[in-house]
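Dropping protein-v3.cif in here (mmCIF, C-alpha atoms):
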```cif
data_entry
#
loop_
_atom_site.label_atom_id
_atom_site.label_comp_id
_atom_site.auth_asym_id
_atom_site.auth_seq_id
_atom_site.Cartn_x
_atom_site.Cartn_y
_atom_site.Cartn_z
CA MET A 1 -0.37 -59.78 -7.99
CA LYS A 2 0.54 -56.38 -6.57
CA VAL A 3 -1.30 -54.98 -3.56
CA LEU A 4 -1.13 -51.44 -2.19
CA HIS A 5 -1.86 -51.11 1.53
CA THR A 6 -2.87 -47.76 3.02
CA SER A 7 -4.97 -46.67 6.00
CA ASP A 8 -6.06 -43.88 8.33
CA TRP A 9 -6.93 -41.24 5.76
CA HIS A 10 -9.07 -39.31 8.26
CA LEU A 11 -10.98 -37.46 5.56
CA GLY A 12 -12.69 -34.39 6.96
CA GLN A 13 -10.15 -33.71 9.69
CA GLN A 14 -9.92 -30.09 10.80
CA PHE A 15 -6.29 -29.53 11.75
CA TYR A 16 -6.48 -26.86 14.43
CA GLU A 17 -9.48 -25.37 12.60
CA HIS A 18 -7.70 -25.54 9.22
CA ASN A 19 -9.47 -27.49 6.47
CA ARG A 20 -7.33 -30.27 4.97
CA CYS A 21 -9.44 -31.07 1.92
CA GLN A 22 -6.78 -29.81 -0.48
CA GLU A 23 -4.04 -31.85 1.21
CA HIS A 24 -6.13 -34.98 0.88
CA GLN A 25 -6.74 -34.17 -2.77
CA VAL A 26 -3.00 -33.88 -3.39
CA PHE A 27 -2.56 -37.27 -1.70
CA PHE A 28 -5.28 -38.81 -3.87
CA SER A 29 -3.64 -37.48 -7.02
CA TRP A 30 -0.32 -38.98 -5.92
CA LEU A 31 -2.05 -42.25 -5.01
CA ILE A 32 -3.68 -42.59 -8.43
CA ASP A 33 -0.35 -41.92 -10.13
CA THR A 34 1.18 -44.60 -7.91
CA LEU A 35 -1.57 -47.10 -8.73
CA ILE A 36 -0.81 -46.55 -12.41
CA THR A 37 2.99 -46.59 -12.32
CA GLN A 38 3.19 -49.52 -9.90
CA GLN A 39 0.52 -51.43 -11.83
CA ILE A 40 -1.42 -52.17 -8.65
CA ASP A 41 -4.10 -54.86 -8.84
CA LEU A 42 -5.65 -54.49 -5.37
CA LEU A 43 -5.96 -51.45 -3.09
CA LEU A 44 -6.54 -52.04 0.64
CA VAL A 45 -7.69 -49.27 2.99
CA ALA A 46 -7.39 -50.50 6.59
CA GLY A 47 -9.89 -48.28 8.37
CA ASP A 48 -10.37 -44.73 9.63
CA ILE A 49 -11.43 -43.60 6.21
CA TYR A 50 -13.09 -40.60 7.84
CA HIS A 51 -12.07 -38.58 10.87
CA THR A 52 -15.50 -38.71 12.49
CA ALA A 53 -18.52 -40.99 12.42
CA THR A 54 -20.49 -38.15 10.79
CA PRO A 55 -18.14 -36.74 8.14
CA PRO A 56 -19.15 -33.71 6.08
CA ALA A 57 -20.77 -34.43 2.72
CA SER A 58 -17.71 -32.94 1.01
CA SER A 59 -15.52 -35.68 2.50
CA GLU A 60 -17.86 -38.43 1.36
CA ASN A 61 -17.90 -36.90 -2.11
CA GLN A 62 -14.11 -36.77 -2.06
CA LEU A 63 -13.92 -40.50 -1.31
CA TYR A 64 -16.41 -41.45 -4.02
CA GLN A 65 -14.69 -39.22 -6.58
CA PHE A 66 -11.33 -40.81 -5.76
CA ILE A 67 -12.74 -44.30 -6.31
CA LYS A 68 -14.32 -43.21 -9.58
CA ASP A 69 -11.06 -41.62 -10.78
CA ALA A 70 -8.97 -44.60 -9.66
CA LYS A 71 -11.17 -47.00 -11.64
CA LYS A 72 -11.10 -44.72 -14.66
CA HIS A 73 -7.30 -44.86 -14.78
CA CYS A 74 -7.00 -48.48 -13.58
CA PRO A 75 -10.04 -50.35 -14.93
CA ALA A 76 -8.99 -53.73 -13.49
CA LEU A 77 -8.33 -52.36 -9.99
CA GLN A 78 -10.10 -54.04 -7.05
CA ILE A 79 -10.60 -52.04 -3.82
CA VAL A 80 -11.37 -53.22 -0.28
CA LEU A 81 -12.16 -50.84 2.59
CA ILE A 82 -12.85 -51.66 6.25
CA ALA A 83 -14.30 -49.47 8.98
CA GLY A 84 -12.01 -48.10 11.68
CA ASN A 85 -12.81 -46.84 15.16
CA HIS A 86 -13.39 -43.32 13.78
CA ASP A 87 -15.84 -44.57 11.15
CA SER A 88 -19.56 -45.28 11.35
CA ALA A 89 -20.05 -48.85 10.19
CA ASN A 90 -23.62 -48.13 9.13
CA ARG A 91 -22.66 -45.03 7.17
CA ILE A 92 -19.92 -46.59 5.08
CA MET A 93 -21.93 -49.78 4.53
CA ALA A 94 -24.81 -47.71 3.18
CA ALA A 95 -22.66 -46.88 0.16
CA GLN A 96 -21.88 -50.53 -0.62
CA PRO A 97 -24.39 -50.95 -3.51
CA LEU A 98 -22.98 -47.85 -5.20
CA LEU A 99 -19.32 -48.74 -4.60
CA ALA A 100 -19.83 -52.30 -5.84
CA GLN A 101 -20.29 -50.82 -9.30
CA PHE A 102 -16.64 -49.74 -9.07
CA ASP A 103 -15.30 -53.13 -7.90
CA THR A 104 -15.09 -51.75 -4.37
CA GLN A 105 -16.08 -53.80 -1.33
CA VAL A 106 -16.72 -52.34 2.11
CA VAL A 107 -16.86 -54.25 5.39
CA GLY A 108 -18.20 -52.24 8.30
CA ARG A 109 -19.13 -54.69 11.03
CA PHE A 110 -18.32 -58.17 12.33
CA ASP A 111 -21.11 -60.55 13.36
CA ALA A 112 -19.96 -63.30 15.70
CA ASN A 113 -22.83 -65.48 14.43
CA SER A 114 -21.70 -65.07 10.82
CA PRO A 115 -17.88 -64.72 10.70
CA ALA A 116 -17.86 -65.72 7.03
CA ASP A 117 -19.33 -62.30 6.19
CA VAL A 118 -15.90 -60.65 6.57
CA VAL A 119 -14.25 -63.15 4.22
CA LEU A 120 -13.88 -61.92 0.65
CA ARG A 121 -12.89 -64.20 -2.22
CA LEU A 122 -11.45 -62.29 -5.17
CA ASN A 123 -11.04 -64.40 -8.27
CA SER A 124 -10.89 -61.93 -11.14
CA ASN A 125 -7.63 -62.19 -13.07
CA PRO A 126 -5.03 -61.01 -12.12
CA VAL A 127 -6.49 -60.58 -8.60
CA THR A 128 -6.76 -63.92 -6.83
CA ALA A 129 -6.87 -63.73 -3.06
CA HIS A 130 -8.85 -64.69 0.00
CA ILE A 131 -9.18 -61.68 2.30
CA VAL A 132 -10.25 -61.55 5.92
CA ALA A 133 -11.48 -57.95 5.92
CA MET A 134 -11.88 -57.48 9.67
CA PRO A 135 -13.19 -54.03 10.64
CA PHE A 136 -12.57 -52.39 14.01
CA LEU A 137 -14.04 -54.64 16.70
CA ARG A 138 -15.97 -52.97 19.49
CA ALA A 139 -16.50 -54.77 22.77
CA SER A 140 -20.15 -55.41 21.87
CA ASP A 141 -19.10 -57.05 18.58
CA VAL A 142 -17.18 -59.79 20.40
CA SER A 143 -19.05 -59.97 23.71
CA SER A 144 -20.25 -63.53 22.97
CA LEU A 145 -16.66 -64.57 22.24
CA SER A 146 -14.98 -62.91 25.20
CA HIS A 147 -16.34 -64.84 28.19
CA THR A 148 -13.77 -66.05 30.70
CA GLU A 149 -13.91 -67.24 34.31
CA ASN A 150 -12.93 -63.72 35.34
CA GLY A 151 -15.46 -61.91 33.18
CA HIS A 152 -15.10 -60.47 29.69
CA ASP A 153 -11.69 -60.40 28.03
CA TYR A 154 -11.75 -58.05 25.03
CA ALA A 155 -8.43 -59.32 23.63
CA GLN A 156 -9.68 -62.89 23.77
CA GLY A 157 -12.83 -61.87 21.92
CA ILE A 158 -10.71 -60.30 19.17
CA ALA A 159 -8.54 -63.41 18.93
CA LYS A 160 -11.56 -65.69 18.55
CA ALA A 161 -13.11 -63.39 15.93
CA TYR A 162 -9.96 -63.64 13.81
CA GLN A 163 -9.70 -67.38 14.41
CA LEU A 164 -13.26 -68.06 13.22
CA SER A 165 -12.92 -65.80 10.18
CA ILE A 166 -9.55 -67.22 9.12
CA GLU A 167 -10.93 -70.74 9.44
CA HIS A 168 -13.70 -69.81 7.00
CA ALA A 169 -11.18 -68.24 4.62
CA LEU A 170 -9.11 -71.44 4.58
CA ILE A 171 -11.98 -73.81 3.84
CA ASP A 172 -11.70 -73.61 0.05
CA LYS A 173 -8.46 -71.66 -0.41
CA PRO A 174 -6.12 -73.17 -3.03
CA ALA A 175 -2.52 -73.49 -1.95
CA THR A 176 -1.40 -70.92 -4.51
CA THR A 177 -4.00 -68.32 -3.50
CA PRO A 178 -2.68 -65.74 -1.00
CA LEU A 179 -4.46 -65.17 2.31
CA ILE A 180 -4.53 -61.49 3.22
CA VAL A 181 -5.73 -60.40 6.67
CA MET A 182 -6.88 -56.84 7.29
CA GLY A 183 -7.48 -55.29 10.69
CA HIS A 184 -7.91 -52.04 12.57
CA LEU A 185 -6.56 -52.45 16.07
CA HIS A 186 -3.61 -51.86 18.38
CA ALA A 187 -1.13 -54.71 18.04
CA LYS A 188 0.96 -55.23 21.15
CA GLY A 189 4.26 -53.38 20.99
CA GLY A 190 3.07 -50.93 18.33
CA ASP A 191 4.35 -47.36 18.60
CA ILE A 192 1.36 -45.08 19.23
CA SER A 193 1.18 -41.38 18.42
CA SER A 194 0.96 -39.41 21.67
CA ASP A 195 -1.77 -36.94 20.84
CA SER A 196 -3.81 -38.02 17.83
CA GLU A 197 -4.68 -41.70 18.20
CA ARG A 198 -7.76 -42.41 20.23
CA ASN A 199 -7.17 -45.10 22.88
CA LEU A 200 -9.47 -48.02 22.11
CA ILE A 201 -9.60 -49.23 25.70
CA ILE A 202 -8.02 -47.35 28.60
CA GLY A 203 -5.07 -49.09 30.18
CA GLY A 204 -3.81 -50.98 27.14
CA GLU A 205 -6.12 -54.00 27.41
CA GLU A 206 -6.95 -53.46 23.76
CA SER A 207 -3.50 -54.54 22.62
CA VAL A 208 -3.43 -57.96 20.97
CA THR A 209 -0.49 -60.11 19.95
CA ALA A 210 0.40 -60.85 16.34
CA ASN A 211 -0.52 -64.49 16.98
CA VAL A 212 -4.18 -63.66 16.32
CA PHE A 213 -3.41 -63.29 12.61
CA SER A 214 -2.26 -66.94 12.45
CA ASN A 215 0.68 -68.34 10.55
CA HIS A 216 -1.58 -68.91 7.54
CA ALA A 217 -1.64 -65.21 6.59
CA ASP A 218 0.64 -64.27 3.72
CA TYR A 219 0.24 -60.55 4.44
CA VAL A 220 -1.43 -58.60 7.27
CA ALA A 221 -2.57 -55.06 6.45
CA LEU A 222 -3.24 -53.08 9.61
CA GLY A 223 -4.64 -49.67 10.44
CA HIS A 224 -5.08 -47.52 13.56
CA LEU A 225 -1.49 -46.70 14.53
CA HIS A 226 -0.38 -43.61 12.65
CA LYS A 227 3.31 -44.47 12.44
CA ALA A 228 4.28 -46.87 9.65
CA GLN A 229 5.88 -49.91 11.26
CA ILE A 230 6.27 -53.67 11.17
CA VAL A 231 4.76 -55.86 13.89
CA ALA A 232 6.47 -58.71 15.75
CA LYS A 233 9.58 -58.23 13.59
CA SER A 234 7.68 -59.57 10.60
CA GLU A 235 8.07 -57.86 7.23
CA THR A 236 4.61 -59.10 6.22
CA ILE A 237 2.66 -57.74 9.22
CA ARG A 238 2.53 -53.97 8.87
CA TYR A 239 0.90 -50.69 9.71
CA SER A 240 1.05 -48.42 6.68
CA GLY A 241 0.37 -45.35 8.87
CA THR A 242 -1.30 -42.10 7.90
CA PRO A 243 -0.67 -40.34 4.58
CA MET A 244 0.11 -37.06 6.38
CA PRO A 245 0.72 -35.83 9.94
CA MET A 246 -2.47 -35.87 12.00
CA SER A 247 -0.85 -34.00 14.88
CA PHE A 248 2.38 -32.19 15.69
CA SER A 249 3.73 -35.31 17.38
CA GLU A 250 3.72 -36.93 13.92
CA ARG A 251 5.70 -34.20 12.18
CA ASN A 252 8.81 -36.40 11.85
CA TYR A 253 7.03 -39.53 10.62
CA LYS A 254 7.97 -40.91 7.21
CA HIS A 255 4.49 -41.28 5.78
CA GLN A 256 4.13 -44.11 3.31
CA VAL A 257 2.05 -46.77 1.63
CA CYS A 258 3.16 -50.40 1.41
CA VAL A 259 3.34 -52.31 -1.85
CA ALA A 260 3.19 -56.09 -1.41
CA GLU A 261 3.93 -58.29 -4.41
CA PHE A 262 2.82 -61.92 -4.40
CA THR A 263 4.47 -64.53 -6.60
CA THR A 264 4.20 -68.31 -6.76
CA THR A 265 7.44 -70.28 -6.58
CA THR A 266 8.20 -73.45 -8.54
CA ASP A 267 7.05 -75.60 -5.58
CA ASP A 268 3.70 -73.74 -5.41
CA ALA A 269 4.68 -71.74 -2.33
CA ILE A 270 3.69 -68.07 -2.07
CA ALA A 271 6.52 -65.53 -1.89
CA VAL A 272 5.82 -61.99 -0.69
CA THR A 273 8.02 -58.93 -1.03
CA VAL A 274 7.02 -55.66 0.64
CA ASN A 275 8.36 -52.21 -0.19
CA PRO A 276 7.34 -48.84 1.24
CA LEU A 277 6.64 -45.92 -1.07
CA TYR A 278 7.07 -42.54 0.61
CA ILE A 279 4.33 -39.94 0.26
CA PRO A 280 5.28 -36.35 -0.58
CA ARG A 281 4.15 -33.87 2.07
CA PRO A 282 2.39 -30.88 0.49
CA THR A 283 2.10 -28.89 3.73
CA GLU A 284 4.87 -28.88 6.32
CA VAL A 285 4.22 -29.08 10.08
CA ILE A 286 6.49 -26.96 12.30
CA LEU A 287 6.71 -26.84 16.10
CA LEU A 288 8.93 -24.18 17.71
CA PRO A 289 11.08 -24.53 19.61
CA GLU A 290 11.95 -28.09 18.63
CA GLY A 291 13.50 -29.00 21.97
CA GLU A 292 12.91 -27.59 25.44
CA CYS A 293 10.98 -24.38 25.98
CA VAL A 294 13.00 -21.19 25.67
CA PRO A 295 12.36 -17.70 27.10
CA LEU A 296 9.74 -15.64 25.26
CA GLU A 297 12.31 -13.26 23.80
CA GLN A 298 14.31 -16.12 22.33
CA LEU A 299 11.16 -17.76 20.98
CA CYS A 300 10.18 -14.55 19.21
CA GLN A 301 13.65 -14.34 17.67
CA GLN A 302 13.22 -17.85 16.29
CA LEU A 303 9.85 -16.88 14.83
CA SER A 304 11.18 -13.68 13.29
CA SER A 305 14.04 -15.52 11.60
CA LEU A 306 11.86 -18.41 10.41
CA GLU A 307 12.62 -18.99 6.70
CA LEU A 308 9.54 -20.00 4.71
CA SER A 309 10.65 -19.54 1.10
CA GLN A 310 11.27 -23.27 0.61
CA TYR A 311 7.61 -24.13 1.21
CA SER A 312 5.19 -24.12 -1.71
CA GLN A 313 2.25 -24.11 0.70
CA ALA A 314 1.93 -22.14 3.94
CA PRO A 315 3.08 -24.53 6.69
CA TYR A 316 1.25 -25.30 9.91
CA LEU A 317 2.97 -23.66 12.85
CA ARG A 318 2.49 -24.19 16.55
CA VAL A 319 4.64 -22.67 19.29
CA LYS A 320 5.25 -23.80 22.84
CA LEU A 321 6.04 -21.61 25.81
CA SER A 322 6.81 -22.42 29.40
CA ALA A 323 3.83 -21.87 31.69
CA GLY A 324 6.34 -20.28 34.05
CA ASP A 325 6.92 -17.42 31.60
CA THR A 326 4.83 -14.72 33.26
CA ASP A 327 4.99 -12.02 30.60
CA THR A 328 1.29 -11.21 30.03
CA THR A 329 1.97 -9.81 26.57
CA PHE A 330 3.22 -13.12 25.15
CA ARG A 331 0.39 -13.37 22.61
CA GLU A 332 1.01 -9.89 21.24
CA GLN A 333 4.76 -10.49 21.02
CA ILE A 334 4.30 -13.79 19.19
CA GLU A 335 1.81 -12.24 16.76
CA LYS A 336 4.24 -9.39 16.07
CA ALA A 337 7.08 -11.84 15.41
CA LEU A 338 4.87 -13.59 12.83
CA GLU A 339 3.83 -10.44 10.98
CA ASN A 340 3.96 -10.87 7.19
CA LYS A 341 4.80 -14.57 7.53
CA GLU A 342 2.61 -16.91 5.52
CA VAL A 343 1.77 -19.63 8.02
CA ARG A 344 -1.29 -21.53 9.20
CA PHE A 345 -1.07 -20.69 12.86
CA CYS A 346 -2.12 -23.48 15.23
CA GLY A 347 -1.93 -21.77 18.58
CA ILE A 348 0.28 -21.72 21.64
CA GLU A 349 1.11 -24.67 23.85
CA ARG A 350 1.83 -23.75 27.47
CA VAL A 351 4.08 -26.36 29.08
CA ARG A 352 4.20 -26.72 32.84
CA GLN A 353 7.32 -28.48 34.10
CA HIS A 354 7.20 -29.91 37.61
CA ASN A 355 10.70 -31.32 37.41
CA LYS A 356 13.23 -32.38 34.79
CA GLU A 357 11.53 -35.75 34.28
CA GLN A 358 7.91 -34.63 34.23
CA ARG A 359 6.43 -32.15 31.75
CA LEU A 360 2.75 -31.43 31.36
CA THR A 361 1.27 -29.74 28.33
CA VAL A 362 -1.45 -27.23 29.08
CA PHE A 363 -3.55 -26.44 26.01
CA GLU A 364 -4.43 -22.78 25.81
CA ASP A 365 -6.72 -23.42 22.82
CA LEU A 366 -9.81 -25.04 24.29
CA SER A 367 -11.08 -25.83 20.80
CA GLN A 368 -8.19 -28.28 20.51
CA VAL A 369 -8.96 -30.24 23.66
CA GLU A 370 -10.09 -33.12 21.40
CA MET A 371 -6.44 -33.64 20.50
CA LEU A 372 -5.95 -35.08 23.99
CA ASN A 373 -7.21 -38.55 24.68
CA PRO A 374 -9.61 -38.97 27.64
CA GLN A 375 -7.05 -40.71 29.81
CA MET A 376 -4.62 -37.80 29.42
CA LEU A 377 -7.36 -35.32 30.29
CA LEU A 378 -8.17 -37.29 33.42
CA GLU A 379 -4.51 -37.32 34.44
CA GLN A 380 -4.26 -33.57 33.86
CA ALA A 381 -7.34 -33.00 36.00
CA PHE A 382 -5.64 -34.85 38.82
CA ALA A 383 -2.36 -33.00 38.32
CA ASN A 384 -4.08 -29.60 38.35
CA ASN A 385 -6.16 -30.26 41.47
CA LYS A 386 -4.40 -29.11 44.62
CA ASP A 387 -5.97 -31.89 46.69
CA MET A 388 -5.03 -34.68 44.25
CA ALA A 389 -1.75 -33.40 42.75
CA GLY A 390 0.87 -36.12 42.67
CA GLN A 391 -1.65 -38.91 43.09
CA ALA A 392 -2.16 -41.65 40.52
CA VAL A 393 -5.58 -41.90 38.94
CA PRO A 394 -7.43 -44.78 40.66
CA ASP A 395 -8.11 -47.83 38.48
CA GLU A 396 -11.79 -47.67 39.44
CA LEU A 397 -12.07 -44.18 37.98
CA LYS A 398 -10.28 -45.26 34.80
CA THR A 399 -12.74 -48.13 34.43
CA LEU A 400 -15.74 -45.81 34.87
CA LEU A 401 -14.37 -43.42 32.25
CA ASN A 402 -13.75 -46.33 29.89
CA ASP A 403 -17.36 -47.50 30.32
CA VAL A 404 -18.65 -44.04 29.39
CA ILE A 405 -16.40 -43.86 26.31
CA SER A 406 -17.48 -47.32 25.15
CA GLU A 407 -21.15 -46.41 25.55
CA LEU A 408 -20.69 -43.19 23.56
CA ALA A 409 -18.81 -45.06 20.83
CA GLU A 410 -21.68 -47.51 20.53
CA GLN A 411 -24.20 -44.67 20.27
CA GLU A 412 -22.20 -43.13 17.41
CA GLN A 413 -22.94 -46.22 15.34
CA LEU A 414 -26.73 -45.99 15.70
#
```
Would you mind writing the structure in this file as structure tokens?
Amino acid sequence: MKVLHTSDWHLGQQFYEHNRCQEHQVFFSWLIDTLITQQIDLLLVAGDIYHTATPPASSENQLYQFIKDAKKHCPALQIVLIAGNHDSANRIMAAQPLLAQFDTQVVGRFDANSPADVVLRLNSNPVTAHIVAMPFLRASDVSSLSHTENGHDYAQGIAKAYQLSIEHALIDKPATTPLIVMGHLHAKGGDISSDSERNLIIGGEESVTANVFSNHADYVALGHLHKAQIVAKSETIRYSGTPMPMSFSERNYKHQVCVAEFTTTTDDAIAVTVNPLYIPRPTEVILLPEGECVPLEQLCQQLSSLELSQYSQAPYLRVKLSAGDTDTTFREQIEKALENKEVRFCGIERVRQHNKEQRLTVFEDLSQVEMLNPQMLLEQAFANNKDMAGQAVPDELKTLLNDVISELAEQEQL
């Protein structure tokens, strides 16, 4: 059996006000070709299917059309999708009756009173697997599992949710049937993108160890972290990452999907080999200058000499300029340097440097403030306030902000 693991599509994302529908369509075309050539039996999508809980209708149509096209070219293909922290569990579950007609199963929410609901048993030749399809777990989903002497422990709640679900998956699992665990979370030690991944819980309490997946799992397909990576030095516990850069901090990522092949050995053990397949990037992402900020004149020279002939699509371009550069005509000079250059301009980053060790990005484009996570915004507010500059953000204030974010996240699901 061959399984393709992907995640974090973020359909409907506006990249600095630029629509990415065409990029996603190019990815889907590549993905269908890959499903065919690799003879994939099972496609796993580990959450964050959409960029927001209320995606535009065009993004929902794009997902459904992809599933329809994938099944047309690969009639035996099975598909499993789980909700991520960007997704509305109710919205994606509403499509389940329709998607079931295309051998597609969707799991949007975990119920602590019915952990067996996230366990899928696929027994259609050649797909034979027991899958723990665990969606993103909000604090309210595991509140009954997270009680400790010192109050609620979110990580403990997550661990118990996986434990209960895996126990159900093992009840009737034959020895030669693989156990696949899916999840959308931040595994401890995972490398997080600095400006496009939404912190699940402020302060890192959301991080869980790889032990929660148990030693019974033959493969663990994770989503949430945008950089493709292995977890706990295990080749079979992986983040597949995003199919394209979701921010400028991800411009050097090697975007990929993971193909896991399961075979049964002569002694009825399950062998798993995992190989990444790299995704072509249709639209390049450029940040100038690449290193430290340079004077405005030098920046404009770099822009004027920027060679774009090698790109088939106009690349995204963002520039950064020291906040200490006081030339008030910087916008006009940058625009002049970019005359007749086919780029998708993504604004100007003003960088304030307090010392050699500390740099603070100041976003001139207020429409892009969503690219900063709430904790970073809070830290910037402190840094920019003359009475609080240099002070650490109090833990009590972080906790209050976290409570507000959790409440808003819950409301998004209603």
Ranking A:Val142, A:Val285, A:Leu397, A:Ala271 by minimum distance to Leu308 in chain A and counting all atoms listed in the file, which one comes first?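 Among the listed residues, A:Val285 lies closest to Leu308 in chain A.
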Residue neighbourhood Arg238 in chain A, 12 Å, all atoms listed in the file, exclusion window fewer than 2 positions, as an MDAnalysis selection string: chainID A and resid 4:7 46 180:187 190:191 210 213 218:236 240:241 256:260 274:276
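Across A:Ser143, A:Leu63, A:Lys2, A:Tyr16, the tightest approach to Leu77 in chain A is made by A:Lys2 when counting all atoms listed in the file.
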Mind checking which residues fall within 8 Å of Ser88 in chain A, counting all atoms listed in the file, ignoring those fewer than 2 positions away in the same chain, and posting them as a PyMOL selection string? chain A and resi 52-54+83+85-86+90-92+108+412-413
If you count all atoms listed in the file, which residues fall within 6 Å of Gln156 in chain A, apart from same-chain ones fewer than 3 positions away, as a ChimeraX atom specification? /A:146,153,159
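Using only C-alpha atoms, the shortest contact distance between Pro174 in chain A and any of A:Asp327, A:Asp268, A:Glu379, A:Asp141 is found at A:Asp268.
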Please indicate the distance in Å from CA of Arg331 in chain A to CA of Gln301 in chain A, rounded to one decimal place.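 Those two atoms sit 14.2 Å apart.
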Selection under test: the PyMOL selection byres ((chain A and resi 120) around 12); residues as a ChimeraX atom specification: /A:78-82,104-107,115-119,121-123,127-134,165-166,168-170,172-173,178-182
For C-alpha atoms, I'd like the residues from the last selection saved as a PDB file, keeping the file's coordinate frame.
```
ATOM      1  CA  GLN A  78     -10.100 -54.040  -7.050  1.00  0.00           C
ATOM      2  CA  ILE A  79     -10.600 -52.040  -3.820  1.00  0.00           C
ATOM      3  CA  VAL A  80     -11.370 -53.220  -0.280  1.00  0.00           C
ATOM      4  CA  LEU A  81     -12.160 -50.840   2.590  1.00  0.00           C
ATOM      5  CA  ILE A  82     -12.850 -51.660   6.250  1.00  0.00           C
ATOM      6  CA  THR A 104     -15.090 -51.750  -4.370  1.00  0.00           C
ATOM      7  CA  GLN A 105     -16.080 -53.800  -1.330  1.00  0.00           C
ATOM      8  CA  VAL A 106     -16.720 -52.340   2.110  1.00  0.00           C
ATOM      9  CA  VAL A 107     -16.860 -54.250   5.390  1.00  0.00           C
ATOM     10  CA  PRO A 115     -17.880 -64.720  10.700  1.00  0.00           C
ATOM     11  CA  ALA A 116     -17.860 -65.720   7.030  1.00  0.00           C
ATOM     12  CA  ASP A 117     -19.330 -62.300   6.190  1.00  0.00           C
ATOM     13  CA  VAL A 118     -15.900 -60.650   6.570  1.00  0.00           C
ATOM     14  CA  VAL A 119     -14.250 -63.150   4.220  1.00  0.00           C
ATOM     15  CA  ARG A 121     -12.890 -64.200  -2.220  1.00  0.00           C
ATOM     16  CA  LEU A 122     -11.450 -62.290  -5.170  1.00  0.00           C
ATOM     17  CA  ASN A 123     -11.040 -64.400  -8.270  1.00  0.00           C
ATOM     18  CA  VAL A 127      -6.490 -60.580  -8.600  1.00  0.00           C
ATOM     19  CA  THR A 128      -6.760 -63.920  -6.830  1.00  0.00           C
ATOM     20  CA  ALA A 129      -6.870 -63.730  -3.060  1.00  0.00           C
ATOM     21  CA  HIS A 130      -8.850 -64.690   0.000  1.00  0.00           C
ATOM     22  CA  ILE A 131      -9.180 -61.680   2.300  1.00  0.00           C
ATOM     23  CA  VAL A 132     -10.250 -61.550   5.920  1.00  0.00           C
ATOM     24  CA  ALA A 133     -11.480 -57.950   5.920  1.00  0.00           C
ATOM     25  CA  MET A 134     -11.880 -57.480   9.670  1.00  0.00           C
ATOM     26  CA  SER A 165     -12.920 -65.800  10.180  1.00  0.00           C
ATOM     27  CA  ILE A 166      -9.550 -67.220   9.120  1.00  0.00           C
ATOM     28  CA  HIS A 168     -13.700 -69.810   7.000  1.00  0.00           C
ATOM     29  CA  ALA A 169     -11.180 -68.240   4.620  1.00  0.00           C
ATOM     30  CA  LEU A 170      -9.110 -71.440   4.580  1.00  0.00           C
ATOM     31  CA  ASP A 172     -11.700 -73.610   0.050  1.00  0.00           C
ATOM     32  CA  LYS A 173      -8.460 -71.660  -0.410  1.00  0.00           C
ATOM     33  CA  PRO A 178      -2.680 -65.740  -1.000  1.00  0.00           C
ATOM     34  CA  LEU A 179      -4.460 -65.170   2.310  1.00  0.00           C
ATOM     35  CA  ILE A 180      -4.530 -61.490   3.220  1.00  0.00           C
ATOM     36  CA  VAL A 181      -5.730 -60.400   6.670  1.00  0.00           C
ATOM     37  CA  MET A 182      -6.880 -56.840   7.290  1.00  0.00           C
TER      38      MET A 182
END
```
Work out how far apart CA of Leu287 in chain A and CA of Asp8 in chain A are and give it in Å to one decimal. 22.7 Å
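Going from CA of His10 in chain A over to CA of Lys341 in chain A, you cover 28.4 Å.
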What's the 12 Å shell around Pro282 in chain A, counting only C-alpha atoms, without same-chain residues fewer than 2 positions away, as a PyMOL selection string? chain A and resi 20-30+243-245+255+279-280+284-285+310-316
Go ahead and write the selection's residues with C-alpha atoms as a short mmCIF file (atom, residue, chain, number, x, y, z; two decimals), in the coordinates of the input.
```
data_model
loop_
_atom_site.label_atom_id
_atom_site.label_comp_id
_atom_site.auth_asym_id
_atom_site.auth_seq_id
_atom_site.Cartn_x
_atom_site.Cartn_y
_atom_site.Cartn_z
CA ARG A 20 -7.33 -30.27 4.97
CA CYS A 21 -9.44 -31.07 1.92
CA GLN A 22 -6.78 -29.81 -0.48
CA GLU A 23 -4.04 -31.85 1.21
CA HIS A 24 -6.13 -34.98 0.88
CA GLN A 25 -6.74 -34.17 -2.77
CA VAL A 26 -3.00 -33.88 -3.39
CA PHE A 27 -2.56 -37.27 -1.70
CA PHE A 28 -5.28 -38.81 -3.87
CA SER A 29 -3.64 -37.48 -7.02
CA TRP A 30 -0.32 -38.98 -5.92
CA PRO A 243 -0.67 -40.34 4.58
CA MET A 244 0.11 -37.06 6.38
CA PRO A 245 0.72 -35.83 9.94
CA HIS A 255 4.49 -41.28 5.78
CA ILE A 279 4.33 -39.94 0.26
CA PRO A 280 5.28 -36.35 -0.58
CA GLU A 284 4.87 -28.88 6.32
CA VAL A 285 4.22 -29.08 10.08
CA GLN A 310 11.27 -23.27 0.61
CA TYR A 311 7.61 -24.13 1.21
CA SER A 312 5.19 -24.12 -1.71
CA GLN A 313 2.25 -24.11 0.70
CA ALA A 314 1.93 -22.14 3.94
CA PRO A 315 3.08 -24.53 6.69
CA TYR A 316 1.25 -25.30 9.91
#
```
Could you check which of A:Phe382, A:Phe248, A:Trp9, A:Phe66 is closest to Val45 in chain A, using all atoms listed in the file? A:Trp9
Given all atoms listed in the file as the counted atoms, nearest of A:Ile171, A:Val208, A:Val404, A:Ala323 to Tyr154 in chain A: A:Val208
Check what the PyMOL selection byres ((chain A and resi 51) around 7) selects in the file above and give those residues as a PyMOL selection string. chain A and resi 10-13+48-50+52+55+86
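Residue nearest Thr176 in chain A within the list A:Cys346, A:Thr266, A:Leu296, A:Leu145: A:Thr266 [criterion: smallest interatomic distance, only C-alpha atoms].
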